Structures are given as structure tokens and as C-alpha cells.
Amino acid sequence: QVQLVESGGGLVQPGGSLRLSCAASTSIFWFNMGWYRQAPGKERELVAVITSSGGTNYADSVKGRFTISKDNAKNTVYLQMNSLKPEDTAVYYCNAADTRSPKRYWGQGTQVTVSS
């Protein structure tokens, strides 16, 4: 079992920045790590993913504004969010997908609100 704990959410004005962190209870070396978000009344959607080998992929809506990174030594994944827009408002969830098995794990989520 892998526990994921997100932090760094909050209220920010449009155009502002936030950095989310996701700390895992075990090594993330073998995991593809992702950030998802879910806005009220909408389905959960993929925001960004970083593979076990370090490759990255982003949703079109966040390309050029968000950056996903990881520190394997700290078992932590980050999501740097710049130029935030009101439509980025959502609960952001961390996900860990084990490349050695079909197991996937979710964090409890952190709220991001972009509003003036």
C-alpha cells in the first residue's frame, strides 16, 4: 500500500502561481506519477504525468503554464502552476501507477481556487 499526501493548495488570484507537492510513503522509482483535477460537476481529468524514466506529458489546457517534476530521493512529485486561470479551480489529486503491477493509488486531494 502506498500513501500519498498532497499539499500546497490554496486561494490565488488570476495570473498567480502555486506549487503543489505530493509526498509518497515509499519509493516512487518504479511509479508513473500523475496529477489529476476535478472541478465541481465535472469528471476527473489528467493534468500532467511524469513517467518512472522522467518523461512528461500535459493536458493541452495547461501546456506552457504547468510543470511536473519529481525528486526520487524525497519520494515527492511537484506541480508548479503558473499563470493560473479561474478555470484551473478544482481539487487536485496525486496518482501513483505501479509500472510492475496494475495497482494505482490516490491521494486525498488538495483544493486550488483561482479567484479575484
# chains A, B, ... in the order shown; residues from 1 in each chain; ligands from 1
call {"tool": "residues_around", "arguments": {"residues": "Tyr58 of chain A", "least_positions_apart": "3", "cutoff": "9 Å", "atoms": "only C-alpha atoms", "output": "list in words"}}
result
Leu46, Val47, Ala48, Val49, Ser61, Val62, Lys63, Phe66, Thr67 and Ile68 of chain A
call {"tool": "residues_around", "arguments": {"residues": "Pro86 of chain A", "least_positions_apart": "4", "cutoff": "7 Å", "atoms": "only C-alpha atoms", "output": "ChimeraX atom specification"}}
result
/A:14,114-115
call {"tool": "residues_around", "arguments": {"residues": "Gln108 of chain A", "least_positions_apart": "6", "cutoff": "9 Å", "atoms": "only C-alpha atoms", "output": "compact mmCIF listing (two decimals) with N, CA, C and O atoms, in the first residue's frame"}}
result
# COMPACT_ATOMS: atom_id res chain seq x y z
N LEU A 4 -0.29 8.63 -0.31
CA LEU A 4 0.09 9.86 -1.00
C LEU A 4 -0.54 11.03 -0.26
O LEU A 4 -1.75 11.02 0.01
N VAL A 5 0.26 12.03 0.04
CA VAL A 5 -0.23 13.20 0.75
C VAL A 5 0.08 14.45 -0.06
O VAL A 5 1.25 14.79 -0.26
N GLU A 6 -0.98 15.13 -0.54
CA GLU A 6 -0.81 16.36 -1.30
C GLU A 6 -0.79 17.56 -0.36
O GLU A 6 -1.41 17.54 0.70
N TYR A 92 -7.19 19.02 -6.72
CA TYR A 92 -6.09 18.38 -7.42
C TYR A 92 -5.67 17.12 -6.66
O TYR A 92 -5.43 17.16 -5.44
N TYR A 93 -5.58 16.02 -7.40
CA TYR A 93 -5.26 14.72 -6.82
C TYR A 93 -3.94 14.19 -7.39
O TYR A 93 -3.68 14.30 -8.59
N CYS A 94 -3.17 13.59 -6.53
CA CYS A 94 -1.95 12.90 -6.93
C CYS A 94 -2.26 11.43 -7.16
O CYS A 94 -3.07 10.83 -6.43
call {"tool": "atom_distance", "arguments": {"atom1": "atom CA of Gly41 of chain A", "atom2": "atom CA of Gln111 of chain A"}}
result
14.8 Å
call {"tool": "atom_distance", "arguments": {"atom1": "atom CA of Arg100 of chain A", "atom2": "atom CA of Gly54 of chain A"}}
result
16.3 Å
call {"tool": "residues_around", "arguments": {"residues": "Trp30 of chain A", "least_positions_apart": "6", "cutoff": "12 Å", "atoms": "only C-alpha atoms", "output": "list of chain:residue names"}}
result
A:Ile50, A:Thr51, A:Ser52, A:Ser53, A:Gly54, A:Asn72, A:Asn75, A:Ala96, A:Ala97, A:Asp98, A:Thr99, A:Arg100, A:Ser101, A:Lys103, A:Arg104
call {"tool": "residues_around", "arguments": {"residues": "segment 15-21 of chain A", "least_positions_apart": "2", "cutoff": "9 Å", "atoms": "only C-alpha atoms", "output": "ChimeraX atom specification"}}
result
/A:5-10,12-13,23,76-85,92,94,110,112,114
call {"tool": "write_last_selection", "arguments": {"atoms": "N, CA, C and O atoms", "output": "short mmCIF file (atom, residue, chain, number, x, y, z; two decimals), in the first residue's frame"}}
result
data_model
loop_
_atom_site.label_atom_id
_atom_site.label_comp_id
_atom_site.auth_asym_id
_atom_site.auth_seq_id
_atom_site.Cartn_x
_atom_site.Cartn_y
_atom_site.Cartn_z
N VAL A 5 0.26 12.03 0.04
CA VAL A 5 -0.23 13.20 0.75
C VAL A 5 0.08 14.45 -0.06
O VAL A 5 1.25 14.79 -0.26
N GLU A 6 -0.98 15.13 -0.54
CA GLU A 6 -0.81 16.36 -1.30
C GLU A 6 -0.79 17.56 -0.36
O GLU A 6 -1.41 17.54 0.70
N SER A 7 -0.11 18.60 -0.80
CA SER A 7 -0.09 19.86 -0.07
C SER A 7 0.19 20.99 -1.05
O SER A 7 0.60 20.73 -2.19
N GLY A 8 -0.04 22.21 -0.59
CA GLY A 8 0.30 23.38 -1.40
C GLY A 8 -0.88 24.07 -2.05
O GLY A 8 -0.69 25.12 -2.69
N GLY A 9 -2.07 23.52 -1.91
CA GLY A 9 -3.23 24.18 -2.49
C GLY A 9 -3.60 25.44 -1.73
O GLY A 9 -3.04 25.73 -0.67
N GLY A 10 -4.55 26.17 -2.30
CA GLY A 10 -5.00 27.38 -1.63
C GLY A 10 -5.72 28.31 -2.57
O GLY A 10 -6.10 27.91 -3.68
N VAL A 12 -5.64 31.71 -4.82
CA VAL A 12 -4.69 32.57 -5.53
C VAL A 12 -5.45 33.40 -6.55
O VAL A 12 -6.48 32.98 -7.08
N GLN A 13 -4.94 34.58 -6.83
CA GLN A 13 -5.56 35.46 -7.82
C GLN A 13 -5.21 35.00 -9.23
O GLN A 13 -4.17 34.36 -9.44
N ALA A 23 3.76 13.84 -1.46
CA ALA A 23 4.75 13.02 -0.78
C ALA A 23 4.24 11.58 -0.68
O ALA A 23 3.12 11.35 -0.19
N THR A 76 8.89 12.45 -3.73
CA THR A 76 7.95 13.56 -3.86
C THR A 76 7.83 14.00 -5.32
O THR A 76 8.82 14.05 -6.05
N VAL A 77 6.60 14.31 -5.69
CA VAL A 77 6.29 14.85 -7.01
C VAL A 77 5.73 16.25 -6.82
O VAL A 77 5.00 16.52 -5.86
N TYR A 78 6.05 17.12 -7.76
CA TYR A 78 5.63 18.52 -7.68
C TYR A 78 4.83 18.91 -8.92
O TYR A 78 5.01 18.34 -10.00
N LEU A 79 3.98 19.89 -8.74
CA LEU A 79 3.30 20.51 -9.87
C LEU A 79 3.41 22.02 -9.70
O LEU A 79 2.76 22.59 -8.82
N GLN A 80 4.26 22.64 -10.50
CA GLN A 80 4.39 24.09 -10.50
C GLN A 80 3.34 24.66 -11.44
O GLN A 80 3.32 24.33 -12.63
N MET A 81 2.49 25.50 -10.91
CA MET A 81 1.40 26.07 -11.69
C MET A 81 1.57 27.57 -11.78
O MET A 81 1.54 28.26 -10.75
N ASN A 82 1.76 28.06 -12.99
CA ASN A 82 1.93 29.49 -13.23
C ASN A 82 0.78 30.01 -14.10
O ASN A 82 0.07 29.24 -14.73
N SER A 83 0.65 31.31 -14.12
CA SER A 83 -0.39 31.96 -14.93
C SER A 83 -1.75 31.31 -14.71
O SER A 83 -2.47 30.97 -15.67
N LEU A 84 -2.10 31.14 -13.47
CA LEU A 84 -3.34 30.44 -13.14
C LEU A 84 -4.56 31.21 -13.60
O LEU A 84 -4.59 32.44 -13.59
N LYS A 85 -5.57 30.44 -14.00
CA LYS A 85 -6.82 30.98 -14.51
C LYS A 85 -7.97 30.49 -13.64
O LYS A 85 -7.86 29.43 -13.01
N TYR A 92 -7.19 19.02 -6.72
CA TYR A 92 -6.09 18.38 -7.42
C TYR A 92 -5.67 17.12 -6.66
O TYR A 92 -5.43 17.16 -5.44
N CYS A 94 -3.17 13.59 -6.53
CA CYS A 94 -1.95 12.90 -6.93
C CYS A 94 -2.26 11.43 -7.16
O CYS A 94 -3.07 10.83 -6.43
N THR A 110 -6.13 18.17 -2.86
CA THR A 110 -5.92 19.50 -2.30
C THR A 110 -6.65 20.52 -3.16
O THR A 110 -6.60 20.45 -4.39
N VAL A 112 -7.54 23.87 -5.02
CA VAL A 112 -6.95 25.05 -5.64
C VAL A 112 -8.10 25.93 -6.12
O VAL A 112 -8.94 25.49 -6.90
N VAL A 114 -8.83 29.68 -7.88
CA VAL A 114 -8.27 30.84 -8.56
C VAL A 114 -9.40 31.86 -8.71
O VAL A 114 -10.35 31.66 -9.46
#
call {"tool": "atom_distance", "arguments": {"atom1": "atom CA of Ala59 of chain A", "atom2": "atom CA of Gln1 of chain A"}}
result
27.9 Å
call {"tool": "select_by_dssp", "arguments": {"residues": "segment 46-110 of chain A", "states": "strand (DSSP E)", "output": "ChimeraX atom specification"}}
result
/A:46-50,56-58,66-71,76-81,90-98,104-106,110
call {"tool": "decode", "arguments": {"residues": "segment 12-116 of chain A", "atoms": "C-alpha atoms", "output": "compact mmCIF listing (two decimals), in the first residue's frame"}}
result
# COMPACT_ATOMS: atom_id res chain seq x y z
CA VAL A 12 -4.69 32.57 -5.53
CA GLN A 13 -5.56 35.46 -7.82
CA PRO A 14 -5.70 35.00 -11.58
CA GLY A 15 -2.21 35.16 -13.02
CA GLY A 16 -0.69 33.89 -9.81
CA SER A 17 1.31 30.76 -9.05
CA LEU A 18 1.12 27.78 -6.75
CA ARG A 19 3.32 24.77 -6.22
CA LEU A 20 1.69 21.50 -5.26
CA SER A 21 3.61 18.68 -3.61
CA CYS A 22 2.77 15.00 -3.32
CA ALA A 23 4.75 13.02 -0.78
CA ALA A 24 4.69 9.23 -1.09
CA SER A 25 5.17 6.78 1.76
CA THR A 26 7.51 4.66 -0.33
CA SER A 27 9.96 4.97 -3.18
CA ILE A 28 8.42 6.32 -6.38
CA PHE A 29 11.23 5.00 -8.57
CA TRP A 30 9.01 2.37 -10.22
CA PHE A 31 5.91 4.54 -10.45
CA ASN A 32 4.42 6.75 -13.11
CA MET A 33 3.22 9.76 -11.15
CA GLY A 34 0.35 11.97 -12.21
CA TRP A 35 -1.68 14.97 -11.19
CA TYR A 36 -5.40 14.95 -11.89
CA ARG A 37 -8.06 17.51 -11.09
CA GLN A 38 -11.79 17.55 -10.62
CA ALA A 39 -13.92 20.65 -10.78
CA PRO A 40 -17.47 20.76 -9.36
CA GLY A 41 -19.87 18.95 -11.66
CA LYS A 42 -17.11 17.69 -13.92
CA GLU A 43 -15.24 14.44 -14.34
CA ARG A 44 -11.74 13.96 -13.03
CA GLU A 45 -9.19 14.79 -15.72
CA LEU A 46 -5.50 14.24 -16.22
CA VAL A 47 -3.39 17.37 -15.80
CA ALA A 48 0.16 16.08 -16.08
CA VAL A 49 2.14 12.89 -15.77
CA ILE A 50 5.79 12.06 -15.24
CA THR A 51 6.91 8.54 -16.00
CA SER A 52 9.31 6.43 -13.99
CA SER A 53 12.01 7.30 -16.55
CA GLY A 54 11.26 11.04 -16.33
CA GLY A 55 9.20 11.62 -19.43
CA THR A 56 6.38 14.15 -19.11
CA ASN A 57 3.02 14.78 -20.71
CA TYR A 58 0.47 17.53 -20.17
CA ALA A 59 -3.14 18.29 -20.88
CA ASP A 60 -3.45 20.84 -23.67
CA SER A 61 -5.16 23.25 -21.29
CA VAL A 62 -2.08 23.55 -19.07
CA LYS A 63 0.80 23.25 -21.54
CA GLY A 64 3.25 26.09 -21.15
CA ARG A 65 1.85 27.04 -17.73
CA PHE A 66 2.28 23.95 -15.54
CA THR A 67 5.42 21.90 -14.93
CA ILE A 68 5.54 18.47 -13.32
CA SER A 69 8.74 17.27 -11.70
CA LYS A 70 9.89 14.74 -9.14
CA ASP A 71 12.59 14.10 -6.60
CA ASN A 72 13.08 10.35 -6.25
CA ALA A 73 15.32 10.82 -3.23
CA LYS A 74 12.48 12.59 -1.40
CA ASN A 75 9.72 10.38 -2.82
CA THR A 76 7.95 13.56 -3.86
CA VAL A 77 6.29 14.85 -7.01
CA TYR A 78 5.63 18.52 -7.68
CA LEU A 79 3.30 20.51 -9.87
CA GLN A 80 4.39 24.09 -10.50
CA MET A 81 1.40 26.07 -11.69
CA ASN A 82 1.93 29.49 -13.23
CA SER A 83 -0.39 31.96 -14.93
CA LEU A 84 -3.34 30.44 -13.14
CA LYS A 85 -6.82 30.98 -14.51
CA PRO A 86 -10.24 30.73 -12.84
CA GLU A 87 -10.88 27.59 -14.89
CA ASP A 88 -7.98 25.91 -13.09
CA THR A 89 -10.10 25.89 -9.93
CA ALA A 90 -10.52 22.28 -8.82
CA VAL A 91 -9.48 19.66 -6.32
CA TYR A 92 -6.09 18.38 -7.42
CA TYR A 93 -5.26 14.72 -6.82
CA CYS A 94 -1.95 12.90 -6.93
CA ASN A 95 -1.85 9.46 -8.51
CA ALA A 96 0.78 6.74 -8.45
CA ALA A 97 0.68 3.94 -11.02
CA ASP A 98 2.97 1.00 -10.31
CA THR A 99 4.79 0.02 -13.53
CA ARG A 100 5.28 -3.51 -12.14
CA SER A 101 1.60 -4.22 -11.49
CA PRO A 102 -1.92 -2.86 -12.19
CA LYS A 103 -2.03 -1.16 -8.79
CA ARG A 104 -2.86 2.52 -8.64
CA TYR A 105 -3.04 4.80 -5.65
CA TRP A 106 -4.68 8.18 -4.99
CA GLY A 107 -4.09 10.97 -2.55
CA GLN A 108 -6.87 12.74 -0.67
CA GLY A 109 -6.72 15.85 -2.85
CA THR A 110 -5.92 19.50 -2.30
CA GLN A 111 -8.18 22.40 -3.23
CA VAL A 112 -6.95 25.05 -5.64
CA THR A 113 -9.13 28.12 -6.06
CA VAL A 114 -8.27 30.84 -8.56
CA SER A 115 -10.34 33.93 -7.94
CA SER A 116 -10.03 37.67 -7.53
